[in-house]
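Trainee: Structure file work-v5.cif (mmCIF, C-alpha atoms) is given on the next line.
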data_model
loop_
_atom_site.label_atom_id
_atom_site.label_comp_id
_atom_site.auth_asym_id
_atom_site.auth_seq_id
_atom_site.Cartn_x
_atom_site.Cartn_y
_atom_site.Cartn_z
CA MET A 1 -20.90 -5.80 -18.48
CA SER A 2 -18.87 -4.36 -15.65
CA LEU A 3 -16.08 -6.76 -14.79
CA TYR A 4 -15.55 -5.55 -11.28
CA ILE A 5 -18.27 -5.57 -8.70
CA GLU A 6 -18.99 -1.99 -7.58
CA SER A 7 -17.89 -2.52 -3.97
CA ILE A 8 -14.52 -3.85 -5.17
CA ASN A 9 -14.08 -0.86 -7.45
CA ASN A 10 -14.87 1.51 -4.59
CA LEU A 11 -12.27 -0.06 -2.34
CA ILE A 12 -9.64 -0.02 -5.11
CA LYS A 13 -10.33 3.73 -5.49
CA GLU A 14 -9.79 4.29 -1.76
CA PHE A 15 -6.46 2.46 -1.76
CA ARG A 16 -5.29 4.38 -4.82
CA LYS A 17 -5.45 7.62 -2.80
CA LEU A 18 -2.65 6.37 -0.55
CA PRO A 19 1.01 7.26 -1.22
CA GLY A 20 3.03 4.66 -3.14
CA ILE A 21 -0.04 2.63 -4.18
CA GLY A 22 -0.74 2.53 -7.93
CA PRO A 23 -3.59 0.81 -9.79
CA LYS A 24 -1.92 -2.63 -9.83
CA SER A 25 -0.99 -2.66 -6.13
CA ALA A 26 -4.45 -1.38 -5.17
CA LYS A 27 -6.06 -4.24 -7.10
CA ARG A 28 -3.65 -6.75 -5.57
CA ILE A 29 -4.40 -5.49 -2.05
CA VAL A 30 -8.18 -5.60 -2.55
CA PHE A 31 -8.11 -9.16 -3.92
CA PHE A 32 -5.92 -10.09 -0.96
CA LEU A 33 -8.45 -8.51 1.43
CA LEU A 34 -11.24 -10.62 -0.15
CA LYS A 35 -9.72 -13.61 1.64
CA PHE A 36 -9.82 -11.88 5.05
CA SER A 37 -12.49 -12.96 7.51
CA MET A 38 -15.22 -10.51 8.51
CA ASP A 39 -13.45 -10.17 11.91
CA ASP A 40 -10.18 -9.15 10.24
CA ILE A 41 -11.96 -6.62 8.06
CA THR A 42 -13.83 -5.18 11.03
CA ARG A 43 -10.58 -4.84 12.99
CA PHE A 44 -8.96 -2.99 10.06
CA SER A 45 -11.93 -0.69 9.61
CA LYS A 46 -12.10 0.07 13.36
CA ALA A 47 -8.36 0.82 13.50
CA LEU A 48 -8.87 3.44 10.78
CA VAL A 49 -11.70 5.22 12.54
CA GLU A 50 -10.11 4.98 15.99
CA MET A 51 -6.88 6.49 14.74
CA LYS A 52 -8.82 9.47 13.42
CA GLU A 53 -10.93 9.78 16.58
CA LYS A 54 -8.11 9.48 19.10
CA VAL A 55 -5.16 11.25 17.53
CA ARG A 56 -5.09 14.97 18.18
CA PHE A 57 -2.39 17.55 17.60
CA CYS A 58 -0.69 19.22 20.57
CA LYS A 59 -1.96 22.81 20.91
CA ASN A 60 1.54 24.00 21.77
CA CYS A 61 3.90 22.25 19.34
CA PHE A 62 1.41 20.59 16.86
CA SER A 63 2.97 17.17 17.16
CA LEU A 64 0.82 14.07 17.75
CA SER A 65 -1.03 13.87 21.02
CA GLU A 66 -3.95 12.06 22.59
CA GLY A 67 -4.94 15.16 24.59
CA ASP A 68 -4.51 18.94 24.29
CA ARG A 69 -0.79 18.76 25.05
CA CYS A 70 1.62 16.10 23.85
CA SER A 71 3.73 13.93 26.14
CA ILE A 72 6.90 15.88 25.25
CA CYS A 73 5.44 19.32 26.09
CA LYS A 74 4.07 17.88 29.37
CA ASP A 75 7.37 16.19 30.30
CA GLU A 76 9.01 18.29 33.05
CA SER A 77 12.42 16.69 32.48
CA ARG A 78 12.76 18.12 28.93
CA ASP A 79 14.96 21.16 28.27
CA LYS A 80 12.36 23.91 27.78
CA ARG A 81 14.85 26.44 26.39
CA LYS A 82 15.30 24.63 23.07
CA ILE A 83 12.84 24.12 20.20
CA CYS A 84 13.57 21.80 17.28
CA VAL A 85 11.58 22.86 14.21
CA VAL A 86 10.45 20.01 11.93
CA GLU A 87 8.19 19.70 8.90
CA GLU A 88 5.90 16.81 9.96
CA ALA A 89 4.85 15.05 13.15
CA SER A 90 6.59 11.90 11.92
CA ASP A 91 9.93 13.77 12.01
CA VAL A 92 9.56 14.16 15.79
CA ILE A 93 9.55 10.37 16.13
CA ILE A 94 12.63 10.04 13.92
CA ILE A 95 14.59 12.58 15.99
CA GLU A 96 13.39 11.10 19.30
CA LYS A 97 14.77 7.72 18.22
CA THR A 98 18.33 9.16 18.14
CA SER A 99 18.09 9.97 21.91
CA GLU A 100 20.39 12.94 21.13
CA TYR A 101 17.85 15.67 21.81
CA ARG A 102 16.07 16.51 25.07
CA GLY A 103 14.37 19.81 24.15
CA LEU A 104 10.93 20.67 22.79
CA TYR A 105 9.60 20.54 19.21
CA HIS A 106 7.56 22.66 16.83
CA VAL A 107 5.85 20.96 13.86
CA LEU A 108 5.33 23.37 10.94
CA GLY A 109 2.96 21.02 9.10
CA GLY A 110 4.53 21.86 5.73
CA LEU A 111 7.16 24.02 4.05
CA LEU A 112 6.96 27.41 2.37
CA SER A 113 6.11 26.97 -1.30
CA PRO A 114 5.03 30.07 -3.25
CA ILE A 115 4.11 27.86 -6.26
CA ASP A 116 1.49 26.02 -4.16
CA ASP A 117 0.38 29.27 -2.42
CA ILE A 118 1.82 28.14 0.90
CA GLY A 119 3.08 31.17 2.79
CA PRO A 120 4.12 31.55 6.47
CA ASN A 121 0.47 31.80 7.62
CA GLU A 122 -0.47 28.49 5.97
CA ILE A 123 2.07 26.66 8.15
CA LYS A 124 2.70 27.13 11.87
CA VAL A 125 5.23 29.98 11.53
CA PRO A 126 3.28 32.67 13.49
CA GLU A 127 2.79 30.14 16.31
CA LEU A 128 6.57 29.51 16.38
CA VAL A 129 7.32 33.25 16.58
CA ASN A 130 4.82 33.56 19.45
CA ARG A 131 6.46 30.69 21.34
CA VAL A 132 9.89 32.33 20.95
CA LYS A 133 8.46 35.58 22.31
CA ASN A 134 6.39 34.11 25.16
CA GLU A 135 8.39 31.08 26.32
CA ASN A 136 11.96 31.40 27.59
CA ILE A 137 13.56 29.99 24.41
CA LYS A 138 17.35 30.22 23.97
CA GLU A 139 17.88 28.13 20.84
CA ILE A 140 15.91 27.19 17.73
CA ILE A 141 17.28 24.11 15.95
CA ILE A 142 16.01 23.97 12.38
CA ALA A 143 15.68 20.33 11.25
CA LEU A 144 14.04 20.62 7.83
CA ASN A 145 14.95 18.41 4.86
CA PRO A 146 17.77 19.84 2.71
CA THR A 147 15.48 20.26 -0.33
CA VAL A 148 14.78 23.54 -2.16
CA GLU A 149 11.63 24.19 -0.08
CA GLY A 150 13.35 23.05 3.13
CA GLU A 151 16.33 25.35 2.55
CA SER A 152 14.20 28.39 1.69
CA THR A 153 11.93 27.80 4.70
CA SER A 154 15.05 27.53 6.91
CA THR A 155 16.42 30.80 5.51
CA TYR A 156 13.07 32.53 6.06
CA LEU A 157 12.86 31.29 9.66
CA LYS A 158 16.40 32.49 10.38
CA LYS A 159 15.54 35.94 9.02
CA ILE A 160 12.34 36.44 11.05
CA LEU A 161 13.72 34.88 14.25
CA GLU A 162 17.00 36.80 14.34
CA PRO A 163 15.43 40.09 15.66
CA THR A 164 14.16 38.20 18.75
CA GLY A 165 17.77 37.53 19.78
CA VAL A 166 17.30 33.72 19.88
CA LYS A 167 20.18 31.54 18.69
CA VAL A 168 19.24 29.81 15.40
CA THR A 169 21.10 26.62 14.44
CA ARG A 170 20.50 23.90 11.88
CA LEU A 171 21.41 20.23 11.46
CA ALA A 172 24.95 19.56 10.23
CA SER A 173 25.30 18.46 6.62
CA GLY A 174 28.09 16.09 5.65
CA ILE A 175 29.09 12.56 4.74
CA PRO A 176 26.67 10.00 6.27
CA VAL A 177 28.30 7.82 8.95
CA GLY A 178 29.45 4.64 7.16
CA GLY A 179 29.21 6.51 3.84
CA ASP A 180 31.89 6.84 1.20
CA ILE A 181 33.48 10.13 0.04
CA GLU A 182 33.59 8.75 -3.49
CA TYR A 183 29.81 8.45 -3.63
CA ALA A 184 28.91 11.71 -1.87
CA ASP A 185 27.46 14.35 -4.21
CA GLU A 186 29.48 17.55 -4.70
CA ILE A 187 27.18 19.80 -2.68
CA THR A 188 27.22 17.47 0.33
CA LEU A 189 31.00 17.05 0.14
CA GLY A 190 31.43 20.81 -0.28
CA ARG A 191 29.31 21.46 2.81
CA ALA A 192 31.22 18.76 4.75
CA ILE A 193 34.46 20.62 3.92
CA SER A 194 33.19 24.10 4.80
CA ASP A 195 31.56 22.82 8.03
CA ARG A 196 34.63 20.75 9.03
CA ARG A 197 35.11 20.21 12.77
CA GLU A 198 38.28 20.16 14.91
CA PHE A 199 39.40 16.55 15.51
CA MET B 200 7.81 6.90 26.77
CA SER B 201 6.11 5.33 23.78
CA LEU B 202 6.79 7.46 20.73
CA TYR B 203 3.79 6.33 18.76
CA ILE B 204 0.28 6.74 20.01
CA GLU B 205 -1.34 3.31 20.39
CA SER B 206 -4.04 3.91 17.76
CA ILE B 207 -1.36 4.86 15.19
CA ASN B 208 0.60 1.71 16.01
CA ASN B 209 -2.52 -0.41 15.58
CA LEU B 210 -3.25 1.02 12.15
CA ILE B 211 0.39 0.56 11.05
CA LYS B 212 0.07 -3.11 12.08
CA GLU B 213 -3.07 -3.52 9.95
CA PHE B 214 -1.43 -2.02 6.85
CA ARG B 215 1.64 -4.23 7.30
CA LYS B 216 -0.56 -7.30 6.74
CA LEU B 217 -1.21 -6.20 3.14
CA PRO B 218 0.93 -7.48 0.25
CA GLY B 219 3.78 -5.20 -0.83
CA ILE B 220 3.56 -2.95 2.26
CA GLY B 221 6.58 -3.01 4.56
CA PRO B 222 7.14 -1.13 7.84
CA LYS B 223 8.26 2.12 6.14
CA SER B 224 5.37 2.29 3.64
CA ALA B 225 2.87 1.39 6.38
CA LYS B 226 4.15 4.30 8.50
CA ARG B 227 4.08 6.64 5.51
CA ILE B 228 0.50 5.67 4.67
CA VAL B 229 -0.72 6.11 8.26
CA PHE B 230 0.86 9.57 8.60
CA PHE B 231 -0.71 10.45 5.26
CA LEU B 232 -4.12 9.27 6.54
CA LEU B 233 -3.75 11.54 9.60
CA LYS B 234 -4.39 14.46 7.26
CA PHE B 235 -7.64 12.95 5.92
CA SER B 236 -10.91 14.43 7.15
CA MET B 237 -13.22 12.32 9.29
CA ASP B 238 -15.50 12.01 6.22
CA ASP B 239 -12.67 10.59 4.11
CA ILE B 240 -11.74 8.09 6.81
CA THR B 241 -15.36 7.02 7.25
CA ARG B 242 -15.69 6.49 3.48
CA PHE B 243 -12.55 4.33 3.46
CA SER B 244 -13.67 2.30 6.44
CA LYS B 245 -17.16 1.78 4.97
CA ALA B 246 -15.71 0.70 1.61
CA LEU B 247 -13.76 -2.02 3.43
CA VAL B 248 -16.75 -3.42 5.29
CA GLU B 249 -19.11 -3.12 2.30
CA MET B 250 -16.71 -4.99 0.04
CA LYS B 251 -16.68 -7.85 2.55
CA GLU B 252 -20.45 -7.77 3.04
CA LYS B 253 -21.42 -7.58 -0.62
CA VAL B 254 -18.90 -9.71 -2.46
CA ARG B 255 -19.82 -13.37 -2.65
CA PHE B 256 -18.41 -16.19 -4.71
CA CYS B 257 -20.48 -17.80 -7.47
CA LYS B 258 -21.72 -21.22 -6.32
CA ASN B 259 -21.07 -22.65 -9.77
CA CYS B 260 -17.68 -21.27 -10.88
CA PHE B 261 -16.40 -19.61 -7.64
CA SER B 262 -15.61 -16.32 -9.31
CA LEU B 263 -16.76 -13.00 -7.80
CA SER B 264 -20.46 -12.41 -7.61
CA GLU B 265 -22.98 -10.25 -5.80
CA GLY B 266 -25.51 -13.10 -5.65
CA ASP B 267 -25.46 -16.91 -5.75
CA ARG B 268 -24.48 -17.00 -9.41
CA CYS B 269 -22.07 -14.65 -11.16
CA SER B 270 -22.94 -12.51 -14.18
CA ILE B 271 -20.95 -14.79 -16.52
CA CYS B 272 -22.71 -18.02 -15.42
CA LYS B 273 -26.08 -16.24 -15.74
CA ASP B 274 -25.28 -14.79 -19.19
CA GLU B 275 -27.22 -16.83 -21.78
CA SER B 276 -25.03 -15.59 -24.64
CA ARG B 277 -21.87 -17.29 -23.28
CA ASP B 278 -20.64 -20.55 -24.80
CA LYS B 279 -21.63 -23.08 -22.14
CA ARG B 280 -19.58 -25.92 -23.61
CA LYS B 281 -16.21 -24.39 -22.62
CA ILE B 282 -14.70 -23.87 -19.17
CA CYS B 283 -11.53 -21.86 -18.63
CA VAL B 284 -9.79 -22.97 -15.41
CA VAL B 285 -7.95 -20.19 -13.51
CA GLU B 286 -6.22 -19.88 -10.15
CA GLU B 287 -7.87 -16.75 -8.72
CA ALA B 288 -11.00 -14.67 -9.29
CA SER B 289 -8.78 -11.78 -10.44
CA ASP B 290 -7.60 -13.94 -13.38
CA VAL B 291 -11.17 -14.01 -14.72
CA ILE B 292 -11.09 -10.23 -15.06
CA ILE B 293 -7.71 -10.33 -16.82
CA ILE B 294 -8.96 -12.88 -19.38
CA GLU B 295 -12.28 -11.06 -19.86
CA LYS B 296 -10.35 -7.90 -20.78
CA THR B 297 -8.86 -9.65 -23.84
CA SER B 298 -12.40 -10.18 -25.29
CA GLU B 299 -11.01 -13.40 -26.84
CA TYR B 300 -13.03 -15.82 -24.74
CA ARG B 301 -16.81 -16.26 -24.59
CA GLY B 302 -17.08 -19.45 -22.50
CA LEU B 303 -17.48 -20.10 -18.76
CA TYR B 304 -14.88 -20.10 -15.99
CA HIS B 305 -13.87 -22.19 -13.01
CA VAL B 306 -11.80 -20.57 -10.22
CA LEU B 307 -9.69 -23.13 -8.34
CA GLY B 308 -8.84 -20.72 -5.50
CA GLY B 309 -5.24 -21.95 -5.36
CA LEU B 310 -2.81 -24.44 -6.84
CA LEU B 311 -1.77 -27.92 -5.75
CA SER B 312 1.17 -27.67 -3.37
CA PRO B 313 2.10 -30.80 -1.39
CA ILE B 314 4.61 -28.75 0.67
CA ASP B 315 1.78 -26.54 1.99
CA ASP B 316 -0.59 -29.54 2.36
CA ILE B 317 -2.80 -28.31 -0.48
CA GLY B 318 -4.25 -31.31 -2.31
CA PRO B 319 -7.10 -31.49 -4.87
CA ASN B 320 -9.76 -31.32 -2.12
CA GLU B 321 -8.36 -28.08 -0.69
CA ILE B 322 -8.98 -26.33 -4.02
CA LYS B 323 -12.07 -26.59 -6.23
CA VAL B 324 -10.95 -29.67 -8.21
CA PRO B 325 -13.84 -32.01 -7.23
CA GLU B 326 -16.30 -29.24 -8.17
CA LEU B 327 -14.63 -28.95 -11.60
CA VAL B 328 -14.87 -32.71 -12.19
CA ASN B 329 -18.57 -32.58 -11.23
CA ARG B 330 -19.21 -29.77 -13.67
CA VAL B 331 -17.53 -31.70 -16.48
CA LYS B 332 -19.70 -34.73 -15.66
CA ASN B 333 -23.01 -32.86 -15.18
CA GLU B 334 -22.85 -29.96 -17.60
CA ASN B 335 -22.43 -30.50 -21.33
CA ILE B 336 -18.75 -29.48 -21.42
CA LYS B 337 -16.72 -30.07 -24.58
CA GLU B 338 -13.46 -28.27 -23.76
CA ILE B 339 -11.47 -27.37 -20.63
CA ILE B 340 -8.94 -24.57 -21.22
CA ILE B 341 -6.32 -24.58 -18.48
CA ALA B 342 -5.06 -21.02 -17.87
CA LEU B 343 -2.78 -21.41 -14.85
CA ASN B 344 0.49 -19.51 -14.42
CA PRO B 345 3.51 -21.35 -15.91
CA THR B 346 5.17 -21.78 -12.49
CA VAL B 347 6.14 -25.10 -10.87
CA GLU B 348 2.82 -25.31 -8.97
CA GLY B 349 0.86 -24.12 -12.01
CA GLU B 350 2.44 -26.71 -14.29
CA SER B 351 1.93 -29.60 -11.86
CA THR B 352 -1.68 -28.57 -11.22
CA SER B 353 -2.24 -28.44 -15.01
CA THR B 354 -0.73 -31.90 -15.46
CA TYR B 355 -2.88 -33.29 -12.63
CA LEU B 356 -6.06 -31.76 -14.12
CA LYS B 357 -5.27 -33.21 -17.54
CA LYS B 358 -4.79 -36.66 -15.98
CA ILE B 359 -8.06 -36.72 -14.03
CA LEU B 360 -10.13 -35.06 -16.78
CA GLU B 361 -8.99 -37.28 -19.65
CA PRO B 362 -11.18 -40.29 -18.69
CA THR B 363 -14.30 -38.07 -19.00
CA GLY B 364 -13.53 -37.65 -22.72
CA VAL B 365 -13.45 -33.83 -22.52
CA LYS B 366 -10.89 -32.02 -24.68
CA VAL B 367 -8.20 -30.45 -22.45
CA THR B 368 -6.18 -27.52 -23.82
CA ARG B 369 -3.87 -24.96 -22.28
CA LEU B 370 -2.72 -21.41 -23.06
CA ALA B 371 -0.01 -21.14 -25.70
CA SER B 372 3.48 -20.35 -24.46
CA GLY B 373 5.82 -18.32 -26.65
CA ILE B 374 7.43 -14.98 -27.31
CA PRO B 375 5.28 -12.10 -25.95
CA VAL B 376 3.84 -9.89 -28.71
CA GLY B 377 6.24 -6.96 -29.08
CA GLY B 378 8.93 -9.01 -27.30
CA ASP B 379 12.42 -9.76 -28.51
CA ILE B 380 13.80 -13.26 -29.25
CA GLU B 381 17.15 -12.16 -27.85
CA TYR B 382 15.63 -11.51 -24.41
CA ALA B 383 13.33 -14.57 -24.22
CA ASP B 384 14.50 -17.23 -21.76
CA GLU B 385 15.51 -20.62 -23.20
CA ILE B 386 12.47 -22.52 -21.94
CA THR B 387 10.03 -20.00 -23.42
CA LEU B 388 11.91 -19.92 -26.73
CA GLY B 389 12.10 -23.73 -26.74
CA ARG B 390 8.33 -23.96 -26.22
CA ALA B 391 7.73 -21.32 -28.89
CA ILE B 392 9.69 -23.50 -31.35
CA SER B 393 8.00 -26.80 -30.44
CA ASP B 394 4.55 -25.15 -30.47
CA ARG B 395 5.20 -23.30 -33.78
CA ARG B 396 2.13 -22.55 -35.91
CA GLU B 397 1.64 -22.64 -39.68
CA PHE B 398 1.93 -19.14 -41.14
#
As structure tokens - that is how I would like this structure written.
Mentor:
Amino acid sequence: MSLYIESINNLIKEFRKLPGIGPKSAKRIVFFLLKFSMDDITRFSKALVEMKEKVRFCKNCFSLSEGDRCSICKDESRDKRKICVVEEASDVIIIEKTSEYRGLYHVLGGLLSPIDDIGPNEIKVPELVNRVKNENIKEIIIALNPTVEGESTSTYLKKILEPTGVKVTRLASGIPVGGDIEYADEITLGRAISDRREF
Amino acid sequence: MSLYIESINNLIKEFRKLPGIGPKSAKRIVFFLLKFSMDDITRFSKALVEMKEKVRFCKNCFSLSEGDRCSICKDESRDKRKICVVEEASDVIIIEKTSEYRGLYHVLGGLLSPIDDIGPNEIKVPELVNRVKNENIKEIIIALNPTVEGESTSTYLKKILEPTGVKVTRLASGIPVGGDIEYADEITLGRAISDRREF
């Protein structure tokens, strides 16, 4: 005798595909959803499909958009001489929240990873090089995570962008604001020392 | 400028209603879903609606069912003189997995909680009393969680079922198998001592 009804099993399987949801949380979520009304379930299911139908990627910078071009690329008040290179579309939102940056973006959609067969052509590197050549770009700000893949992608971008004459910068590393020197790891502290700024 | 596209915001809101999913995990899940194909999203959305359409509750014991009566109530090989009382339909599955029990079930759908205005009529207590009176029940096994609400619901059930002459038992409390006496809390250890069994 199968203990679970098939439709419950199917839904548990779908939830298990999501990040951070294991078998126990998937089961807990599905039993929680059993108590939802049909209206609530319909709203959830519509939100899923609508998100997929409506969200597009900007043809210029590959960040989220509802049309061919995103609101940042279309915004005439942005500084069109700067491009901030990020890994994912969600990173654009994180950087926008700081209100520190008024330039454009370029979403790579991943990082170089020879082990997973991800080379420059699998992510939006050729498109970035084209933008540097065709738009009037003065500065590329690399804002990738300081992981092994992030660092090697940054180094690769610096190498292929240098011949175009564009200025290539990257985010400062150092002690987080409100952080404690005692708890900073050695690499971060070392970089904070070598990148020290005049006070 | 709104940073999130409305349809993304809507979906984040839906995921935040689920247990164990906070604002950061909801955002992470939605950005993960952005990479799903339309087929994958349709499958997910259909699984949600189908679960709601197909899953019913057994009219006899209120556990999950695809028809009017669940597979356990319909199973002629089960011991129809015993009812195991549980809080939620998911508890039936947990007990079935032990293969230790061959009787029937009764899902209360909650626990007594005067603070939340949940009395015996808000959960399936009257239905349980009817079953004890109308079916040929010899034993009620109370399998509620040993929390404050679980214990007071158990005590209440014992009190109202006693006059019917049915035998009322509850799950044994004690040291978990593979557990360590040193790490057991005092109440559990105390109950393990008072409920000690001949060896």
Trainee: With all atoms listed in the file as the atoms that count, which of B:Lys366, B:His305, B:Lys273, B:Arg395 lies nearest to B:Phe261?
Mentor: B:His305
Trainee: Residues near B:Leu210, anyone? I mean within 8 Å using all atoms listed in the file, not counting same-chain ones fewer than 4 positions away, as a VMD selection string.
Mentor: (chain A and resid 44 47 to 48 51) or (chain B and resid 206 214 229)
Trainee: How would you write, as number ranges by chain, the residues chosen by the PyMOL selection byres ((chain A) within 8 of (chain B)) on this structure?
Mentor: A: 3-5, 7-8, 10-11, 14, 18-20, 25, 28-29, 31-34, 38, 41-42, 44-52, 54-55, 64-66, 90, 93, 96
Trainee: Write the selection just made, keeping C-alpha atoms, as a compact mmCIF listing (two decimals), in the frame of the given file?
Mentor:
# COMPACT_ATOMS: atom_id res chain seq x y z
CA LEU A 3 -16.08 -6.76 -14.79
CA TYR A 4 -15.55 -5.55 -11.28
CA ILE A 5 -18.27 -5.57 -8.70
CA SER A 7 -17.89 -2.52 -3.97
CA ILE A 8 -14.52 -3.85 -5.17
CA ASN A 10 -14.87 1.51 -4.59
CA LEU A 11 -12.27 -0.06 -2.34
CA GLU A 14 -9.79 4.29 -1.76
CA LEU A 18 -2.65 6.37 -0.55
CA PRO A 19 1.01 7.26 -1.22
CA GLY A 20 3.03 4.66 -3.14
CA SER A 25 -0.99 -2.66 -6.13
CA ARG A 28 -3.65 -6.75 -5.57
CA ILE A 29 -4.40 -5.49 -2.05
CA PHE A 31 -8.11 -9.16 -3.92
CA PHE A 32 -5.92 -10.09 -0.96
CA LEU A 33 -8.45 -8.51 1.43
CA LEU A 34 -11.24 -10.62 -0.15
CA MET A 38 -15.22 -10.51 8.51
CA ILE A 41 -11.96 -6.62 8.06
CA THR A 42 -13.83 -5.18 11.03
CA PHE A 44 -8.96 -2.99 10.06
CA SER A 45 -11.93 -0.69 9.61
CA LYS A 46 -12.10 0.07 13.36
CA ALA A 47 -8.36 0.82 13.50
CA LEU A 48 -8.87 3.44 10.78
CA VAL A 49 -11.70 5.22 12.54
CA GLU A 50 -10.11 4.98 15.99
CA MET A 51 -6.88 6.49 14.74
CA LYS A 52 -8.82 9.47 13.42
CA LYS A 54 -8.11 9.48 19.10
CA VAL A 55 -5.16 11.25 17.53
CA LEU A 64 0.82 14.07 17.75
CA SER A 65 -1.03 13.87 21.02
CA GLU A 66 -3.95 12.06 22.59
CA SER A 90 6.59 11.90 11.92
CA ILE A 93 9.55 10.37 16.13
CA GLU A 96 13.39 11.10 19.30
Trainee: Show me the residues close to (-6.5, -30.7, -24.0) - anything with an atom within 9 Å, counting all atoms listed in the file - and format the list as a PyMOL selection string.
Mentor: chain B and resi 338-341+357+361+365-369
Trainee: Rounded to one decimal place, report the atom CA of B:Gly302-atom CA of B:Thr387 distance in Å.
Mentor: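 One can read the atom CA of B:Gly302 to atom CA of B:Thr387 distance as 27.1 Å.
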Trainee: To verify the selection step, state as a ChimeraX atom specification which residues the PyMOL selection byres ((chain A and resi 174) around 10) yields on this input.
Mentor: /A:171-173,175-177,179,181,184,187-196
Trainee: Would you save the residues from that selection as an mmCIF file, keeping the file's coordinate frame, using C-alpha atoms?
Mentor:
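selection.cif, written as the output of this step:
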data_model
loop_
_atom_site.group_PDB
_atom_site.id
_atom_site.type_symbol
_atom_site.label_atom_id
_atom_site.label_comp_id
_atom_site.auth_asym_id
_atom_site.auth_seq_id
_atom_site.Cartn_x
_atom_site.Cartn_y
_atom_site.Cartn_z
ATOM 1 C CA LEU A 171 21.410 20.230 11.460
ATOM 2 C CA ALA A 172 24.950 19.560 10.230
ATOM 3 C CA SER A 173 25.300 18.460 6.620
ATOM 4 C CA ILE A 175 29.090 12.560 4.740
ATOM 5 C CA PRO A 176 26.670 10.000 6.270
ATOM 6 C CA VAL A 177 28.300 7.820 8.950
ATOM 7 C CA GLY A 179 29.210 6.510 3.840
ATOM 8 C CA ILE A 181 33.480 10.130 0.040
ATOM 9 C CA ALA A 184 28.910 11.710 -1.870
ATOM 10 C CA ILE A 187 27.180 19.800 -2.680
ATOM 11 C CA THR A 188 27.220 17.470 0.330
ATOM 12 C CA LEU A 189 31.000 17.050 0.140
ATOM 13 C CA GLY A 190 31.430 20.810 -0.280
ATOM 14 C CA ARG A 191 29.310 21.460 2.810
ATOM 15 C CA ALA A 192 31.220 18.760 4.750
ATOM 16 C CA ILE A 193 34.460 20.620 3.920
ATOM 17 C CA SER A 194 33.190 24.100 4.800
ATOM 18 C CA ASP A 195 31.560 22.820 8.030
ATOM 19 C CA ARG A 196 34.630 20.750 9.030
#
Trainee: Would you be able to write out as a PDB file with C-alpha atoms, in the frame of the given file which residues have an atom within 10 Å of (10.4, 31.0, 20.2) in the file's coordinates, counting all atoms listed in the file?
Mentor:
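Saved file part_8.pdb follows:
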ATOM      1  CA  ARG A  81      14.850  26.440  26.390  1.00  0.00           C
ATOM      2  CA  LYS A  82      15.300  24.630  23.070  1.00  0.00           C
ATOM      3  CA  ILE A  83      12.840  24.120  20.200  1.00  0.00           C
ATOM      4  CA  HIS A 106       7.560  22.660  16.830  1.00  0.00           C
ATOM      5  CA  PRO A 126       3.280  32.670  13.490  1.00  0.00           C
ATOM      6  CA  GLU A 127       2.790  30.140  16.310  1.00  0.00           C
ATOM      7  CA  LEU A 128       6.570  29.510  16.380  1.00  0.00           C
ATOM      8  CA  VAL A 129       7.320  33.250  16.580  1.00  0.00           C
ATOM      9  CA  ASN A 130       4.820  33.560  19.450  1.00  0.00           C
ATOM     10  CA  ARG A 131       6.460  30.690  21.340  1.00  0.00           C
ATOM     11  CA  VAL A 132       9.890  32.330  20.950  1.00  0.00           C
ATOM     12  CA  LYS A 133       8.460  35.580  22.310  1.00  0.00           C
ATOM     13  CA  ASN A 134       6.390  34.110  25.160  1.00  0.00           C
ATOM     14  CA  GLU A 135       8.390  31.080  26.320  1.00  0.00           C
ATOM     15  CA  ASN A 136      11.960  31.400  27.590  1.00  0.00           C
ATOM     16  CA  ILE A 137      13.560  29.990  24.410  1.00  0.00           C
ATOM     17  CA  LYS A 138      17.350  30.220  23.970  1.00  0.00           C
ATOM     18  CA  GLU A 139      17.880  28.130  20.840  1.00  0.00           C
ATOM     19  CA  ILE A 140      15.910  27.190  17.730  1.00  0.00           C
ATOM     20  CA  LEU A 161      13.720  34.880  14.250  1.00  0.00           C
ATOM     21  CA  THR A 164      14.160  38.200  18.750  1.00  0.00           C
ATOM     22  CA  GLY A 165      17.770  37.530  19.780  1.00  0.00           C
ATOM     23  CA  VAL A 166      17.300  33.720  19.880  1.00  0.00           C
ATOM     24  CA  LYS A 167      20.180  31.540  18.690  1.00  0.00           C
TER      25      LYS A 167
END
Trainee: Please report, as AutoDock Vina command-line options, the centre and edge lengths in Å to one decimal of an axis-aligned box covering all listed atoms of stretch 47-54 of chain A with 5 Å per side.
Mentor:
--center_x -9.3 --center_y 5.3 --center_z 14.9 --size_x 14.8 --size_y 19.0 --size_z 18.3
Trainee: So what do you get for atom CA of B:Ile314 versus atom CA of B:Arg215, distance-wise?
Mentor: 25.6 Å
